[in-house]
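Participant: Before anything else, here's the structure in question.
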Amino acid sequence: MEVIFTSLKFVKRMEIKCKEELKKLFQQTQNIGTEKLLCGLTILVKDAADFINATALQNDATEVFRYAYLDMMNHDRYYWSLFGPDLYRELSDAQMPSGMARNAAICKFNLDELREAKIIQEWTRAPGWHFFKLHTQQIKNNILGKLTLEKLKASICEVEDPTEAYLELVERLANPGQLGSCFWYPLMLYIVILLKETDFITLQENN
């Protein structure tokens with residue numbers, strides 16, 4: 001019982017620390033533009049997939065993510081194998097940032113490298129959009145929670161400072177409380193900011 005209690009206290013401390021660091025990360029990320037967000041998303045997706053595989057994580061969230069990740073990697077595979085083969089290489093081999101999910105799992109958030117111009121490539125931009133469309137539709141119910149789409153949009157777009165609304169949504173999607181779940185934060189932050197940047201278009205009924 002003492003071990004369990006200690007573990008719960010540790011998880012709670014990590015949650016608090018991650019929330020504080022997430023606020024700083026949001027400030028780094030919110031104004032970098034849609035194109036760079038989509039390119040960065042592809043890198044974060046590949047990085048998260050590497051982390052999940054390396055740590056043998058398996059739950060409902062990772063299975064949903066894995067489906068979208070594999071769909072992204074297999075979509076137009078012939079084209080990308082010819083004109084964007086870096087999509088299928090290790091991030092380090094493609095000279096792209098890596099290790100973000102591993103660091104985020106211990107609440108070390110730094111996405112400065114995703115602000116660099118080198119990440120803007122055709123093979124990062126288009127797959128990022130493909131993943132974003134598919135995964136936001138997969139987790140639409142989690143994104144909305146108990147809100148309608150219009151109320152969710154209003155909570156972010158019609159307030160003077162939407163920071164808390166952003167962070168609350170990121171936390172909900174990352175499902176804090178599970179040990180190590182902080183690794184989702186960078187990926188989910190990009191998704192949440194992209195939802196606003198794209199006027200929540202992927203959550204519309206006709207998409």
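Residue numbering restarts at 1 in every chain; chains get A, B, ... in the order shown in the structure tokens, and ligands count up from 1 in that same order.
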For stretch 134-143 of chain A, work out the shell of residues within 8 Å, counting only C-alpha atoms and skipping chain neighbours fewer than 3 positions away, then give it as a PyMOL selection string.
Facilitator: chain A and resi 64-65+68+130-131+169+172-173+191+202-203
Participant: How about saving the chosen residues, C-alpha atoms kept, as a compact mmCIF listing (two decimals), in the first residue's frame?
Facilitator:
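As written to disk, again.txt reads:
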# COMPACT_ATOMS: atom_id res chain seq x y z
CA VAL A 64 -5.64 4.64 -32.04
CA PHE A 65 -2.48 6.63 -32.64
CA ALA A 68 -3.29 6.93 -37.85
CA HIS A 130 -3.01 13.68 -43.57
CA PHE A 131 -2.34 12.56 -40.00
CA LEU A 169 -7.84 20.44 -23.96
CA ARG A 172 -7.62 15.93 -21.68
CA LEU A 173 -6.20 14.47 -24.87
CA ILE A 191 -2.97 19.19 -32.72
CA THR A 202 -11.57 18.47 -39.61
CA LEU A 203 -14.29 18.20 -36.96
Participant: Skipping near chain neighbours, those fewer than 4 positions away, what residues fall within 12 Å of A:Leu194 using only C-alpha atoms, listed as a ChimeraX atom specification?
Facilitator: /A:29-41,128-129,131-133,136,166,170,187-190,198-203
Participant: Go ahead and dump the residues you just picked, N, CA and C atoms, as a compact mmCIF listing (two decimals), in the first residue's frame.
Facilitator:
# COMPACT_ATOMS: atom_id res chain seq x y z
N THR A 29 5.07 28.00 -28.97
CA THR A 29 4.51 27.31 -30.13
C THR A 29 3.36 28.04 -30.82
N GLN A 30 2.62 28.84 -30.10
CA GLN A 30 1.32 29.30 -30.60
C GLN A 30 1.39 30.18 -31.84
N ASN A 31 2.50 30.83 -32.10
CA ASN A 31 2.54 31.79 -33.20
C ASN A 31 3.51 31.40 -34.32
N ILE A 32 3.77 30.11 -34.51
CA ILE A 32 4.78 29.75 -35.51
C ILE A 32 4.19 29.52 -36.90
N GLY A 33 2.87 29.52 -37.04
CA GLY A 33 2.25 29.41 -38.36
C GLY A 33 1.83 28.00 -38.72
N THR A 34 0.79 27.92 -39.54
CA THR A 34 0.18 26.64 -39.89
C THR A 34 1.15 25.71 -40.61
N GLU A 35 1.88 26.22 -41.57
CA GLU A 35 2.78 25.37 -42.34
C GLU A 35 3.81 24.71 -41.44
N LYS A 36 4.45 25.48 -40.60
CA LYS A 36 5.48 24.92 -39.73
C LYS A 36 4.88 23.98 -38.69
N LEU A 37 3.65 24.26 -38.27
CA LEU A 37 2.96 23.35 -37.34
C LEU A 37 2.72 21.99 -37.99
N LEU A 38 2.27 21.99 -39.24
CA LEU A 38 2.02 20.72 -39.93
C LEU A 38 3.31 19.95 -40.14
N CYS A 39 4.37 20.65 -40.52
CA CYS A 39 5.67 19.99 -40.71
C CYS A 39 6.18 19.44 -39.38
N GLY A 40 6.05 20.24 -38.34
CA GLY A 40 6.47 19.78 -37.02
C GLY A 40 5.64 18.62 -36.52
N LEU A 41 4.36 18.59 -36.90
CA LEU A 41 3.49 17.49 -36.48
C LEU A 41 3.99 16.16 -37.04
N GLY A 128 1.83 15.46 -42.55
CA GLY A 128 1.32 16.06 -41.32
C GLY A 128 -0.15 16.40 -41.44
N TRP A 129 -0.55 16.95 -42.59
CA TRP A 129 -1.96 17.26 -42.81
C TRP A 129 -2.80 15.99 -42.86
N PHE A 131 -2.20 13.08 -41.36
CA PHE A 131 -2.34 12.56 -40.00
C PHE A 131 -3.32 13.42 -39.21
N PHE A 132 -3.18 14.73 -39.32
CA PHE A 132 -4.02 15.64 -38.56
C PHE A 132 -5.50 15.41 -38.88
N LYS A 133 -5.85 15.31 -40.14
CA LYS A 133 -7.24 15.08 -40.53
C LYS A 133 -7.76 13.77 -39.95
N THR A 136 -7.69 13.65 -35.78
CA THR A 136 -8.69 14.48 -35.10
C THR A 136 -10.09 13.92 -35.29
N TYR A 166 -6.77 26.12 -24.05
CA TYR A 166 -5.83 25.29 -24.80
C TYR A 166 -5.26 24.19 -23.92
N VAL A 170 -5.45 20.11 -24.17
CA VAL A 170 -4.24 19.30 -24.33
C VAL A 170 -4.15 18.24 -23.23
N LEU A 187 2.81 16.50 -28.93
CA LEU A 187 1.98 16.11 -30.07
C LEU A 187 0.58 16.68 -29.94
N MET A 188 -0.02 16.54 -28.76
CA MET A 188 -1.39 17.02 -28.58
C MET A 188 -1.46 18.54 -28.60
N LEU A 189 -0.41 19.20 -28.14
CA LEU A 189 -0.38 20.66 -28.21
C LEU A 189 -0.41 21.12 -29.66
N TYR A 190 0.38 20.48 -30.51
CA TYR A 190 0.36 20.83 -31.94
C TYR A 190 -1.01 20.59 -32.54
N THR A 198 -6.89 25.98 -38.26
CA THR A 198 -7.65 25.51 -39.42
C THR A 198 -9.16 25.68 -39.22
N ASP A 199 -9.54 26.47 -38.22
CA ASP A 199 -10.95 26.73 -37.92
C ASP A 199 -11.73 25.44 -37.67
N PHE A 200 -11.06 24.47 -37.07
CA PHE A 200 -11.71 23.22 -36.64
C PHE A 200 -12.36 22.48 -37.81
N ILE A 201 -11.82 22.66 -39.00
CA ILE A 201 -12.46 22.12 -40.20
C ILE A 201 -12.54 20.59 -40.19
N THR A 202 -11.56 19.93 -39.58
CA THR A 202 -11.57 18.47 -39.61
C THR A 202 -12.62 17.86 -38.70
N LEU A 203 -13.24 18.69 -37.86
CA LEU A 203 -14.29 18.20 -36.96
C LEU A 203 -15.68 18.47 -37.51
Participant: Hey, what's within 9 Å of A:Tyr185 if we count only C-alpha atoms and toss same-chain stuff fewer than 6 positions away? As a list of chain:residue names, please?
Facilitator: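 So the residues in contact are A:Cys18, A:Leu22, A:Ala101, A:Ala104, A:Ala105, A:Phe109, A:Val170, A:Glu171, A:Leu173, A:Ala174.
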Participant: Would you mind exporting the chosen residues as a PDB file, in the first residue's frame, restricted to N, CA and C atoms?
Facilitator:
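Once everything was written out, this is out.pdb:
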ATOM      1  N   CYS A  18       4.463  19.041 -15.213  1.00  0.00           N
ATOM      2  CA  CYS A  18       4.200  19.037 -16.644  1.00  0.00           C
ATOM      3  C   CYS A  18       3.269  20.173 -17.034  1.00  0.00           C
ATOM      4  N   LEU A  22       4.141  22.913 -19.654  1.00  0.00           N
ATOM      5  CA  LEU A  22       3.275  22.992 -20.830  1.00  0.00           C
ATOM      6  C   LEU A  22       2.912  24.439 -21.139  1.00  0.00           C
ATOM      7  N   ALA A 101       9.554  13.131 -27.529  1.00  0.00           N
ATOM      8  CA  ALA A 101       8.631  12.338 -26.716  1.00  0.00           C
ATOM      9  C   ALA A 101       9.348  11.738 -25.507  1.00  0.00           C
ATOM     10  N   ALA A 104       9.773  14.518 -23.078  1.00  0.00           N
ATOM     11  CA  ALA A 104       8.482  14.945 -22.538  1.00  0.00           C
ATOM     12  C   ALA A 104       7.955  13.957 -21.505  1.00  0.00           C
ATOM     13  N   ALA A 105       8.304  12.688 -21.645  1.00  0.00           N
ATOM     14  CA  ALA A 105       7.855  11.678 -20.685  1.00  0.00           C
ATOM     15  C   ALA A 105       8.352  11.976 -19.276  1.00  0.00           C
ATOM     16  N   PHE A 109      10.334  19.692 -21.750  1.00  0.00           N
ATOM     17  CA  PHE A 109       9.733  20.136 -23.003  1.00  0.00           C
ATOM     18  C   PHE A 109      10.606  21.200 -23.653  1.00  0.00           C
ATOM     19  N   VAL A 170      -5.448  20.108 -24.166  1.00  0.00           N
ATOM     20  CA  VAL A 170      -4.235  19.298 -24.330  1.00  0.00           C
ATOM     21  C   VAL A 170      -4.154  18.240 -23.230  1.00  0.00           C
ATOM     22  N   GLU A 171      -4.425  18.647 -22.006  1.00  0.00           N
ATOM     23  CA  GLU A 171      -4.369  17.703 -20.886  1.00  0.00           C
ATOM     24  C   GLU A 171      -5.393  16.591 -21.040  1.00  0.00           C
ATOM     25  N   LEU A 173      -6.608  15.379 -23.803  1.00  0.00           N
ATOM     26  CA  LEU A 173      -6.199  14.465 -24.869  1.00  0.00           C
ATOM     27  C   LEU A 173      -4.988  13.632 -24.474  1.00  0.00           C
ATOM     28  N   ALA A 174      -4.129  14.203 -23.627  1.00  0.00           N
ATOM     29  CA  ALA A 174      -2.941  13.466 -23.188  1.00  0.00           C
ATOM     30  C   ALA A 174      -3.260  12.472 -22.083  1.00  0.00           C
TER      31      ALA A 174
END
Participant: So what do you get for atom CA of A:Leu25 versus atom CA of A:Ile119, distance-wise?
Facilitator: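 Distance reported for this atom pair: 18.2 Å.
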Participant: Of the residues A:Ala165, A:Leu111, A:Ser181, A:Trp123, which is the one nearest to A:Lys151, using only C-alpha atoms?
Facilitator: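 Checking each candidate against A:Lys151, we get A:Ala165 as the closest.
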Participant: Would you return as JSON, numbers by chain the members of stretch 25-190 of chain A that DSSP assigns to alpha helix (DSSP H) on this structure's backbone?
Facilitator: {"A": [25, 26, 27, 28, 29, 34, 35, 36, 37, 38, 39, 40, 41, 42, 43, 44, 45, 46, 47, 48, 49, 50, 51, 52, 53, 54, 55, 60, 61, 62, 63, 64, 65, 66, 67, 68, 69, 70, 71, 72, 73, 74, 77, 78, 79, 80, 81, 82, 83, 100, 101, 102, 103, 104, 122, 123, 124, 125, 126, 127, 128, 129, 130, 131, 132, 133, 134, 135, 136, 137, 138, 140, 141, 142, 143, 144, 149, 150, 151, 152, 153, 154, 155, 156, 157, 163, 164, 165, 166, 167, 168, 169, 170, 171, 172, 173, 174, 185, 186, 187, 188, 189, 190]}
Participant: If we count only C-alpha atoms, what is near A:Tyr88 at a cut-off of 10 Å, once residues fewer than 6 positions away on the same chain are taken out, given as a ChimeraX atom specification?
Facilitator: /A:46,73-74,77,80-81,94,123
Participant: I need the residues from that last selection saved to file as a compact mmCIF listing (two decimals), in the first residue's frame (with N, CA and C atoms), if you can.
Facilitator:
# COMPACT_ATOMS: atom_id res chain seq x y z
N LYS A 46 6.29 10.85 -35.91
CA LYS A 46 7.33 9.84 -36.08
C LYS A 46 8.10 9.64 -34.77
N MET A 73 1.95 6.81 -42.97
CA MET A 73 3.16 6.27 -43.60
C MET A 73 2.85 5.51 -44.88
N ASN A 74 1.66 4.95 -44.99
CA ASN A 74 1.31 4.16 -46.17
C ASN A 74 0.56 4.95 -47.23
N ARG A 77 2.42 5.96 -50.66
CA ARG A 77 3.75 5.44 -50.34
C ARG A 77 4.66 5.42 -51.57
N TRP A 80 5.98 8.99 -52.13
CA TRP A 80 6.96 9.44 -51.13
C TRP A 80 8.26 8.64 -51.19
N SER A 81 8.16 7.39 -51.55
CA SER A 81 9.39 6.60 -51.66
C SER A 81 10.31 7.14 -52.75
N ALA A 94 17.51 11.59 -41.24
CA ALA A 94 16.95 12.64 -42.10
C ALA A 94 17.36 14.03 -41.61
N TRP A 123 7.81 16.45 -47.72
CA TRP A 123 7.54 15.17 -47.07
C TRP A 123 7.13 15.32 -45.60
Participant: Which is closer to A:Asp161 than all the others in A:Thr148, A:Met96, A:Pro85, A:Gln27, using only C-alpha atoms?
Facilitator: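 With only C-alpha atoms as the atom set, the closest residue is A:Gln27.
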Participant: Go ahead and compute the interatomic distance for atom CA of A:Glu158 and atom CA of A:Ile193, in Å to one decimal.
Facilitator: 14.8 Å
Participant: Which is closest to A:Arg89 among A:Ile43, A:Ile156, A:Cys182, A:Ala56, if we use only C-alpha atoms?
Facilitator: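 Comparing A:Ile43, A:Ile156, A:Cys182, A:Ala56 against A:Arg89, the winner is A:Ile43.
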